[in-house]
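Asker: Hey, dropping entry_16.cif in here, mmCIF, C-alpha atoms and all ligand atoms:
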```cif
data_data
loop_
_atom_site.group_PDB
_atom_site.id
_atom_site.type_symbol
_atom_site.label_atom_id
_atom_site.label_comp_id
_atom_site.auth_asym_id
_atom_site.auth_seq_id
_atom_site.Cartn_x
_atom_site.Cartn_y
_atom_site.Cartn_z
ATOM 1 C CA MET R 1 0.000 0.000 0.000
ATOM 2 C CA ALA R 2 1.190 3.543 -0.733
ATOM 3 C CA PHE R 3 2.020 5.692 2.275
ATOM 4 C CA VAL R 4 -0.824 7.986 3.273
ATOM 5 C CA THR R 5 -0.936 11.663 2.339
ATOM 6 C CA GLU R 6 -3.772 14.171 2.552
ATOM 7 C CA GLU R 7 -4.011 13.981 -1.229
ATOM 8 C CA ASN R 8 -4.154 10.185 -1.671
ATOM 9 C CA LEU R 9 -6.148 9.218 1.453
ATOM 10 C CA THR R 10 -9.619 9.350 -0.136
ATOM 11 C CA ASP R 11 -8.462 7.298 -3.077
ATOM 12 C CA LEU R 12 -6.868 4.686 -0.792
ATOM 13 C CA ALA R 13 -9.962 4.419 1.395
ATOM 14 C CA GLU R 14 -12.280 4.111 -1.609
ATOM 15 C CA LYS R 15 -10.124 1.353 -3.114
ATOM 16 C CA ARG R 16 -10.126 -0.522 0.190
ATOM 17 C CA TRP R 17 -13.931 -0.408 0.438
ATOM 18 C CA ALA R 18 -14.278 -1.363 -3.215
ATOM 19 C CA THR R 19 -13.219 -4.881 -2.143
ATOM 20 C CA ALA R 20 -16.635 -5.557 -0.579
ATOM 21 C CA ARG R 21 -17.786 -8.940 -1.847
ATOM 22 C CA SER R 22 -21.197 -7.621 -2.858
ATOM 23 C CA PRO R 23 -20.906 -5.145 -5.791
ATOM 24 C CA ARG R 24 -23.779 -3.110 -4.358
ATOM 25 C CA LEU R 25 -22.124 -2.853 -0.936
ATOM 26 C CA ALA R 26 -18.918 -1.772 -2.700
ATOM 27 C CA GLU R 27 -20.867 0.949 -4.518
ATOM 28 C CA LEU R 28 -22.583 2.114 -1.326
ATOM 29 C CA MET R 29 -19.368 2.188 0.727
ATOM 30 C CA THR R 30 -17.067 3.807 -1.837
ATOM 31 C CA GLY R 31 -19.708 6.514 -2.412
ATOM 32 C CA LEU R 32 -20.024 7.052 1.342
ATOM 33 C CA VAL R 33 -16.257 7.359 1.791
ATOM 34 C CA ARG R 34 -15.983 9.768 -1.159
ATOM 35 C CA HIS R 35 -18.736 12.057 0.121
ATOM 36 C CA LEU R 36 -17.681 11.910 3.801
ATOM 37 C CA HIS R 37 -14.130 12.854 2.894
ATOM 38 C CA ALA R 38 -15.345 15.632 0.586
ATOM 39 C CA TYR R 39 -17.540 16.957 3.410
ATOM 40 C CA ALA R 40 -14.677 16.966 5.936
ATOM 41 C CA ARG R 41 -12.421 18.725 3.435
ATOM 42 C CA GLU R 42 -15.087 21.267 2.429
ATOM 43 C CA VAL R 43 -16.000 22.393 5.966
ATOM 44 C CA GLY R 44 -12.463 21.961 7.365
ATOM 45 C CA LEU R 45 -13.754 19.589 10.063
ATOM 46 C CA THR R 46 -11.872 20.079 13.362
ATOM 47 C CA GLU R 47 -11.022 17.272 15.778
ATOM 48 C CA GLU R 48 -13.297 18.815 18.451
ATOM 49 C CA GLU R 49 -16.208 18.989 16.015
ATOM 50 C CA TRP R 50 -15.715 15.373 14.941
ATOM 51 C CA ALA R 51 -15.548 14.253 18.581
ATOM 52 C CA ALA R 52 -18.785 16.168 19.308
ATOM 53 C CA ALA R 53 -20.433 14.572 16.266
ATOM 54 C CA VAL R 54 -19.365 11.085 17.432
ATOM 55 C CA GLU R 55 -20.788 11.803 20.889
ATOM 56 C CA TRP R 56 -24.046 12.971 19.265
ATOM 57 C CA LEU R 57 -24.232 9.743 17.225
ATOM 58 C CA ALA R 58 -23.567 7.675 20.349
ATOM 59 C CA ALA R 59 -26.323 9.541 22.253
ATOM 60 C CA THR R 60 -28.677 8.958 19.318
ATOM 61 C CA GLY R 61 -28.007 5.230 19.615
ATOM 62 C CA ARG R 62 -28.352 5.188 23.410
ATOM 63 C CA ILE R 63 -31.816 6.786 23.387
ATOM 64 C CA SER R 64 -33.132 4.463 20.653
ATOM 65 C CA ASP R 65 -35.033 1.300 21.537
ATOM 66 C CA ASP R 66 -37.860 -0.770 20.071
ATOM 67 C CA LYS R 67 -40.310 2.131 20.620
ATOM 68 C CA ARG R 68 -38.083 5.067 19.782
ATOM 69 C CA GLN R 69 -35.804 5.284 16.758
ATOM 70 C CA GLU R 70 -33.827 8.491 17.032
ATOM 71 C CA PHE R 71 -31.755 7.738 13.907
ATOM 72 C CA ILE R 72 -34.933 7.693 11.812
ATOM 73 C CA LEU R 73 -35.886 11.022 13.341
ATOM 74 C CA ALA R 74 -32.434 12.354 12.426
ATOM 75 C CA SER R 75 -32.916 11.133 8.853
ATOM 76 C CA ASP R 76 -36.388 12.751 8.817
ATOM 77 C CA VAL R 77 -35.269 16.227 9.922
ATOM 78 C CA LEU R 78 -32.312 16.142 7.512
ATOM 79 C CA GLY R 79 -34.756 15.561 4.634
ATOM 80 C CA LEU R 80 -33.058 12.239 3.842
ATOM 81 C CA SER R 81 -36.134 10.096 4.570
ATOM 82 C CA THR R 82 -38.222 12.140 2.147
ATOM 83 C CA LEU R 83 -35.451 12.038 -0.473
ATOM 84 C CA VAL R 84 -35.278 8.231 -0.244
ATOM 85 C CA VAL R 85 -39.088 8.041 -0.563
ATOM 86 C CA GLN R 86 -38.894 10.318 -3.592
ATOM 87 C CA LEU R 87 -36.144 8.299 -5.305
ATOM 88 C CA ASN R 88 -37.967 5.012 -4.783
ATOM 89 C CA ASN R 89 -41.547 6.043 -5.556
ATOM 90 C CA ARG R 90 -41.374 7.676 -8.980
ATOM 91 C CA PHE R 91 -45.038 7.118 -9.696
ATOM 92 C CA THR R 92 -46.979 7.996 -12.813
ATOM 93 C CA PRO R 93 -48.225 11.627 -12.484
ATOM 94 C CA ALA R 94 -51.837 10.478 -11.978
ATOM 95 C CA ALA R 95 -50.903 8.411 -8.902
ATOM 96 C CA THR R 96 -51.177 9.752 -5.370
ATOM 97 C CA PRO R 97 -47.742 10.901 -4.183
ATOM 98 C CA ALA R 98 -45.968 8.962 -1.458
ATOM 99 C CA THR R 99 -44.508 10.485 1.674
ATOM 100 C CA VAL R 100 -42.672 9.354 4.808
ATOM 101 C CA LEU R 101 -43.925 6.426 6.914
ATOM 102 C CA GLY R 102 -42.887 8.033 10.206
ATOM 103 C CA PRO R 103 -42.208 6.210 13.459
ATOM 104 C CA PHE R 104 -45.763 5.741 14.735
ATOM 105 C CA HIS R 105 -47.163 3.034 12.457
ATOM 106 C CA ILE R 106 -48.148 -0.102 14.384
ATOM 107 C CA ASP R 107 -48.607 -3.399 12.560
ATOM 108 C CA GLY R 108 -51.740 -5.473 12.942
ATOM 109 C CA SER R 109 -54.453 -2.827 13.282
ATOM 110 C CA PRO R 110 -57.960 -4.282 13.560
ATOM 111 C CA ALA R 111 -60.224 -4.588 10.525
ATOM 112 C CA ALA R 112 -62.853 -1.831 10.462
ATOM 113 C CA PRO R 113 -65.963 -2.137 8.291
ATOM 114 C CA TYR R 114 -67.077 0.870 6.175
ATOM 115 C CA GLY R 115 -67.750 3.889 8.415
ATOM 116 C CA THR R 116 -66.435 2.323 11.663
ATOM 117 C CA ASP R 117 -65.495 5.002 14.209
ATOM 118 C CA MET R 118 -61.821 4.345 14.940
ATOM 119 C CA SER R 119 -61.806 7.101 17.577
ATOM 120 C CA ASP R 120 -64.142 5.017 19.736
ATOM 121 C CA GLY R 121 -65.020 7.681 22.324
ATOM 122 C CA ILE R 122 -61.707 9.608 22.288
ATOM 123 C CA PRO R 123 -62.656 13.294 22.565
ATOM 124 C CA GLY R 124 -62.436 15.426 19.434
ATOM 125 C CA VAL R 125 -64.314 16.887 16.476
ATOM 126 C CA PRO R 126 -65.859 14.074 14.402
ATOM 127 C CA LEU R 127 -64.180 13.686 11.021
ATOM 128 C CA PHE R 128 -65.172 11.544 8.059
ATOM 129 C CA VAL R 129 -62.730 10.764 5.276
ATOM 130 C CA THR R 130 -64.434 9.293 2.237
ATOM 131 C CA GLY R 131 -63.554 8.572 -1.370
ATOM 132 C CA ARG R 132 -62.454 5.801 -3.678
ATOM 133 C CA VAL R 133 -59.296 3.881 -4.458
ATOM 134 C CA LEU R 134 -58.638 3.963 -8.203
ATOM 135 C CA ASP R 135 -56.093 2.864 -10.737
ATOM 136 C CA PRO R 136 -54.650 5.577 -13.037
ATOM 137 C CA SER R 137 -57.275 4.896 -15.729
ATOM 138 C CA GLY R 138 -59.991 5.802 -13.202
ATOM 139 C CA THR R 139 -61.142 2.227 -12.603
ATOM 140 C CA ALA R 140 -62.376 1.779 -9.039
ATOM 141 C CA LEU R 141 -60.595 -0.955 -7.084
ATOM 142 C CA PRO R 142 -62.681 -3.146 -4.752
ATOM 143 C CA ASP R 143 -61.352 -4.936 -1.690
ATOM 144 C CA VAL R 144 -58.360 -2.654 -1.162
ATOM 145 C CA VAL R 145 -57.147 -2.395 2.442
ATOM 146 C CA LEU R 146 -56.404 1.078 3.789
ATOM 147 C CA ASP R 147 -54.285 0.948 6.938
ATOM 148 C CA VAL R 148 -54.983 4.255 8.722
ATOM 149 C CA TRP R 149 -53.327 5.814 11.798
ATOM 150 C CA GLN R 150 -53.206 9.277 13.323
ATOM 151 C CA ALA R 151 -52.526 11.432 16.376
ATOM 152 C CA ASP R 152 -55.361 12.447 18.696
ATOM 153 C CA ALA R 153 -56.706 15.979 19.244
ATOM 154 C CA ASP R 154 -53.670 16.685 21.467
ATOM 155 C CA GLY R 155 -51.204 15.498 18.815
ATOM 156 C CA THR R 156 -50.359 12.236 20.631
ATOM 157 C CA TYR R 157 -50.008 8.786 19.012
ATOM 158 C CA GLU R 158 -50.828 5.471 20.622
ATOM 159 C CA ALA R 159 -47.122 4.532 20.474
ATOM 160 C CA GLN R 160 -46.339 7.521 22.727
ATOM 161 C CA LEU R 161 -48.705 6.433 25.491
ATOM 162 C CA PRO R 162 -47.810 3.808 28.099
ATOM 163 C CA ASP R 163 -50.059 0.810 28.718
ATOM 164 C CA VAL R 164 -52.535 1.115 25.850
ATOM 165 C CA ASP R 165 -53.974 -2.346 25.383
ATOM 166 C CA GLU R 166 -56.402 -1.676 22.502
ATOM 167 C CA ALA R 167 -55.802 -0.157 19.085
ATOM 168 C CA ARG R 168 -56.134 3.616 19.488
ATOM 169 C CA LEU R 169 -56.846 5.777 16.435
ATOM 170 C CA ARG R 170 -55.715 3.151 13.986
ATOM 171 C CA ALA R 171 -57.661 0.640 11.881
ATOM 172 C CA LYS R 172 -57.721 -1.184 8.570
ATOM 173 C CA TYR R 173 -60.598 -0.189 6.294
ATOM 174 C CA ARG R 174 -61.465 -1.921 3.034
ATOM 175 C CA THR R 175 -62.992 -0.566 -0.174
ATOM 176 C CA ARG R 176 -66.442 -1.806 -1.139
ATOM 177 C CA ALA R 177 -67.350 -3.355 -4.507
ATOM 178 C CA ASP R 178 -67.584 0.151 -6.045
ATOM 179 C CA GLY R 179 -64.118 1.137 -4.721
ATOM 180 C CA THR R 180 -65.474 3.440 -1.990
ATOM 181 C CA TYR R 181 -64.160 3.694 1.564
ATOM 182 C CA CYS R 182 -65.348 5.600 4.634
ATOM 183 C CA VAL R 183 -63.150 6.335 7.662
ATOM 184 C CA ARG R 184 -64.795 7.782 10.722
ATOM 185 C CA THR R 185 -62.490 9.361 13.292
ATOM 186 C CA ILE R 186 -61.707 12.659 15.050
ATOM 187 C CA ALA R 187 -59.743 15.590 13.650
ATOM 188 C CA PRO R 188 -56.008 15.113 14.317
ATOM 189 C CA ARG R 189 -53.826 17.925 15.558
ATOM 190 C CA GLY R 190 -50.379 19.026 14.374
ATOM 191 C CA TYR R 191 -47.638 18.038 16.787
ATOM 192 C CA ALA R 192 -44.016 18.525 17.739
ATOM 193 C CA ILE R 193 -41.458 15.836 16.969
ATOM 194 C CA PRO R 194 -39.852 14.433 20.140
ATOM 195 C CA MET R 195 -37.532 17.225 21.337
ATOM 196 C CA ASP R 196 -36.083 15.554 24.452
ATOM 197 C CA GLY R 197 -33.274 13.698 22.642
ATOM 198 C CA PRO R 198 -30.145 14.496 20.622
ATOM 199 C CA VAL R 199 -32.150 15.364 17.495
ATOM 200 C CA GLY R 200 -34.261 17.851 19.473
ATOM 201 C CA ALA R 201 -31.103 19.304 21.031
ATOM 202 C CA LEU R 202 -29.641 19.885 17.570
ATOM 203 C CA VAL R 203 -32.854 21.290 16.092
ATOM 204 C CA GLY R 204 -33.123 23.528 19.174
ATOM 205 C CA ARG R 205 -29.856 25.215 18.167
ATOM 206 C CA THR R 206 -31.487 26.437 14.921
ATOM 207 C CA ARG R 207 -34.526 28.465 13.875
ATOM 208 C CA ILE R 208 -36.156 25.303 12.457
ATOM 209 C CA SER R 209 -39.818 24.860 13.481
ATOM 210 C CA HIS R 210 -40.116 21.443 15.137
ATOM 211 C CA PHE R 211 -43.793 20.913 14.263
ATOM 212 C CA ARG R 212 -45.728 18.852 11.753
ATOM 213 C CA PRO R 213 -49.077 20.030 10.300
ATOM 214 C CA ALA R 214 -52.256 18.091 11.173
ATOM 215 C CA HIS R 215 -52.448 14.891 9.111
ATOM 216 C CA ILE R 216 -53.716 11.326 8.861
ATOM 217 C CA HIS R 217 -51.471 8.475 7.678
ATOM 218 C CA PHE R 218 -52.481 5.876 5.074
ATOM 219 C CA LEU R 219 -50.700 2.727 3.963
ATOM 220 C CA ILE R 220 -52.350 1.069 0.985
ATOM 221 C CA ALA R 221 -50.887 -2.202 -0.267
ATOM 222 C CA HIS R 222 -52.749 -4.013 -3.045
ATOM 223 C CA PRO R 223 -51.611 -6.833 -5.365
ATOM 224 C CA GLY R 224 -50.461 -5.535 -8.772
ATOM 225 C CA TYR R 225 -49.758 -2.001 -7.466
ATOM 226 C CA ASP R 226 -46.864 -0.323 -5.694
ATOM 227 C CA ARG R 227 -47.338 0.089 -1.980
ATOM 228 C CA LEU R 228 -48.559 3.613 -1.246
ATOM 229 C CA VAL R 229 -47.456 5.200 2.031
ATOM 230 C CA THR R 230 -48.893 8.667 2.287
ATOM 231 C CA HIS R 231 -50.665 11.263 4.441
ATOM 232 C CA LEU R 232 -53.643 13.579 4.007
ATOM 233 C CA PHE R 233 -52.979 17.031 5.476
ATOM 234 C CA GLN R 234 -55.709 19.363 6.699
ATOM 235 C CA GLN R 235 -55.959 22.416 4.469
ATOM 236 C CA GLY R 236 -55.301 25.598 6.466
ATOM 237 C CA SER R 237 -53.443 23.701 9.182
ATOM 238 C CA GLU R 238 -50.529 25.464 10.850
ATOM 239 C CA TYR R 239 -47.008 24.386 9.748
ATOM 240 C CA LEU R 240 -48.075 23.214 6.265
ATOM 241 C CA ASP R 241 -45.247 25.260 4.769
ATOM 242 C CA SER R 242 -42.639 24.338 7.394
ATOM 243 C CA ASP R 243 -43.212 20.609 8.099
ATOM 244 C CA VAL R 244 -40.092 19.622 10.054
ATOM 245 C CA VAL R 245 -39.841 16.274 8.210
ATOM 246 C CA PHE R 246 -40.473 17.686 4.679
ATOM 247 C CA GLY R 247 -43.534 15.444 4.243
ATOM 248 C CA THR R 248 -46.046 17.956 2.873
ATOM 249 C CA LYS R 249 -46.992 17.807 -0.803
ATOM 250 C CA ASP R 250 -49.606 20.085 -2.345
ATOM 251 C CA ARG R 251 -51.634 17.180 -3.774
ATOM 252 C CA LEU R 252 -52.017 15.734 -0.280
ATOM 253 C CA VAL R 253 -53.565 18.855 1.240
ATOM 254 C CA VAL R 254 -57.316 18.363 1.585
ATOM 255 C CA ASP R 255 -60.262 20.488 2.672
ATOM 256 C CA PHE R 256 -61.691 19.217 5.969
ATOM 257 C CA ALA R 257 -65.075 20.819 5.194
ATOM 258 C CA GLU R 258 -67.239 21.893 8.135
ATOM 259 C CA ARG R 259 -70.703 20.314 8.091
ATOM 260 C CA PRO R 260 -73.656 21.020 10.413
ATOM 261 C CA ALA R 261 -75.369 18.399 12.549
ATOM 262 C CA GLY R 262 -77.571 16.152 10.422
ATOM 263 C CA PRO R 263 -76.900 13.596 7.713
ATOM 264 C CA ALA R 264 -73.418 12.090 7.915
ATOM 265 C CA PRO R 265 -71.271 10.705 5.059
ATOM 266 C CA ASP R 266 -71.652 7.121 6.336
ATOM 267 C CA GLY R 267 -75.416 7.307 5.759
ATOM 268 C CA GLY R 268 -76.193 7.912 9.462
ATOM 269 C CA THR R 269 -77.143 11.096 11.320
ATOM 270 C CA LEU R 270 -74.986 13.181 13.656
ATOM 271 C CA THR R 271 -76.309 15.415 16.422
ATOM 272 C CA VAL R 272 -73.157 17.565 16.364
ATOM 273 C CA PRO R 273 -71.267 19.408 13.587
ATOM 274 C CA HIS R 274 -68.513 17.425 11.914
ATOM 275 C CA LEU R 275 -65.754 17.654 9.313
ATOM 276 C CA HIS R 276 -65.717 15.863 5.996
ATOM 277 C CA ALA R 277 -62.647 15.280 3.806
ATOM 278 C CA GLU R 278 -63.088 13.717 0.376
ATOM 279 C CA TYR R 279 -60.135 12.084 -1.354
ATOM 280 C CA ASP R 280 -59.610 9.525 -4.124
ATOM 281 C CA PHE R 281 -56.350 7.595 -3.798
ATOM 282 C CA VAL R 282 -54.791 6.552 -7.125
ATOM 283 C CA LEU R 283 -52.420 3.571 -7.006
ATOM 284 C CA ASN R 284 -49.354 3.177 -9.218
ATOM 285 C CA PRO R 285 -49.336 -0.062 -11.259
ATOM 286 C CA ALA R 286 -46.376 -2.232 -10.241
ATOM 287 C CA ALA R 287 -43.629 -2.401 -12.852
ATOM 288 C CA ALA R 288 -43.559 -5.615 -14.873
ATOM 289 C CA PRO R 289 -40.914 -7.958 -13.458
ATOM 290 C CA ASP R 290 -37.566 -7.451 -15.171
ATOM 291 C CA ARG R 291 -36.983 -10.765 -16.991
ATOM 292 C CA ALA R 292 -33.339 -9.945 -17.641
ATOM 293 C CA ARG R 293 -32.583 -10.185 -13.923
ATOM 294 C CA PRO R 294 -32.106 -13.519 -12.202
HETATM 295 C C1 LIG A 301 -45.220 11.157 11.694
HETATM 296 O O1 LIG A 301 -45.793 11.580 10.758
HETATM 297 O O2 LIG A 301 -45.880 10.479 12.447
HETATM 298 C C2 LIG A 301 -43.763 11.493 11.897
HETATM 299 C C3 LIG A 301 -42.908 11.420 10.827
HETATM 300 C C4 LIG A 301 -41.570 11.712 11.014
HETATM 301 C C5 LIG A 301 -41.106 12.103 12.265
HETATM 302 C C6 LIG A 301 -41.988 12.196 13.349
HETATM 303 C C7 LIG A 301 -43.339 11.884 13.149
HETATM 304 FE FE FE A 302 -47.816 11.589 11.883
#
```
Step by step, read the file and then write its structure as structure tokens.

Answerer:
Amino acid sequence: MAFVTEENLTDLAEKRWATARSPRLAELMTGLVRHLHAYAREVGLTEEEWAAAVEWLAATGRISDDKRQEFILASDVLGLSTLVVQLNNRFTPAATPATVLGPFHIDGSPAAPYGTDMSDGIPGVPLFVTGRVLDPSGTALPDVVLDVWQADADGTYEAQLPDVDEARLRAKYRTRADGTYCVRTIAPRGYAIPMDGPVGALVGRTRISHFRPAHIHFLIAHPGYDRLVTHLFQQGSEYLDSDVVFGTKDRLVVDFAERPAGPAPDGGTLTVPHLHAEYDFVLNPAAAPDRARP
């Protein structure tokens, strides 16, 4: 091996990592080395700054567990999560855009028939979300499962509460034969990302707003289509233009229209005013399998 100089170090390190047995790992690692070295050179990284960064990374690991993933939060506030979503979900323009999954999705939500109230007595303004699931040609898709989850009227998710033994503000709805769905819930509230860890400490040293606008999450997986992970945001909600995790897209902002007491979108009657959001999700057809690949 050549002796190390400032000039040849990046080249040497890249060549070393290029020996990874998997070609893809070699590509990932040589690219990482190249960009890390370029970053250190560009900003003139000091030893104290690198030591502080290593301590921050260690603290990020220490605070993470099976309920809290501070590295994902770091990726979210850096815009990296949204960039990765963007690079991997290049849907046809007619399809509903994808956005970040976030840390609060819980697997195994209960099945909820059309119009089931997933808020089940949790206080808040009643909200109905109705519409269809379509393919890009406009054909309605029956029997599509919509996995839905959201924060409550205080901006808190089930995963943030101790000792919840029943699904709270999450459920799996299914489209009917005509492709329609109906979610009944309460209006969510915008919320702050967790600020009591290393990510919060870093964000707190900037003028970055640490809030997300009010939204509901949807995960729609259906055979023959790409998985759609997305949100619907409440039009007029605070923080729409400053979402701390860069998740807001204009086509996902929806009017939560105010409706008086009376007929409700599920065919029933409500004795109190409610909100109604209407949205058709359009799924992206899955790419044909590439026959050239093994
Ligand atoms: C969420 O939408 O639930 C979320 C996404 C990223 C970071 C924090 C929360
Ligand atoms: Fe959320």

Asker: Between R:Ala18, R:Val4, R:Ala167, R:Val148, which one has atoms that come closest to ligand LIG 301 (chain A), using all atoms listed in the file?

Answerer: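 Comparing R:Ala18, R:Val4, R:Ala167, R:Val148 against ligand LIG 301 (chain A), the winner is R:Val148.
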
Asker: Could you please determine the separation between CA of Pro103 in chain R and CA of Ala53 in chain R in Å, to one decimal place?

Answerer: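 Pair CA of Pro103 in chain R / CA of Ala53 in chain R returns 23.5 Å.
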
Asker: Considering all atoms listed in the file, can you say which of R:Asp255, R:Glu27, R:Asp154, R:Asp163 comes closest to Ser237 in chain R?

Answerer: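 Ranked by minimum distance to Ser237 in chain R, first place goes to R:Asp255.
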
Asker: Write out as CSV the residues of chain R that have any atom within 7 Å of an atom of ligand FE 302 (chain A), one row each with the nearest atom pair and its distance in Å to one decimal, counting all atoms listed in the file, sorted by chain and then rising number.

Answerer:
```
residue,atom,partner,partner_atom,distance
R:Gly102,CA,A:FE302,FE,6.3
R:Phe104,CA,A:FE302,FE,6.8
R:Gln150,CA,A:FE302,FE,6.0
R:Ala151,CA,A:FE302,FE,6.5
R:His215,CA,A:FE302,FE,6.3
R:Ile216,CA,A:FE302,FE,6.6
R:His217,CA,A:FE302,FE,6.4
```

Asker: Can you pull out every residue within 12 Å of Ile106 in chain R, counting all atoms listed in the file, but drop anything in the same chain fewer than 4 positions away, and send it as a ChimeraX atom specification?

Answerer: /R:66-67,101-102,110,147-150,157-160,166-172,217-219

Asker: Let me have all residues with an atom within 10 Å of ligand LIG 301 (chain A), counting only C-alpha atoms and all ligand atoms, laid out as a ChimeraX atom specification.

Answerer: /R:69-70,72-77,81-82,99-105,149-151,155-157,190-194,210-217,230-231,243-247
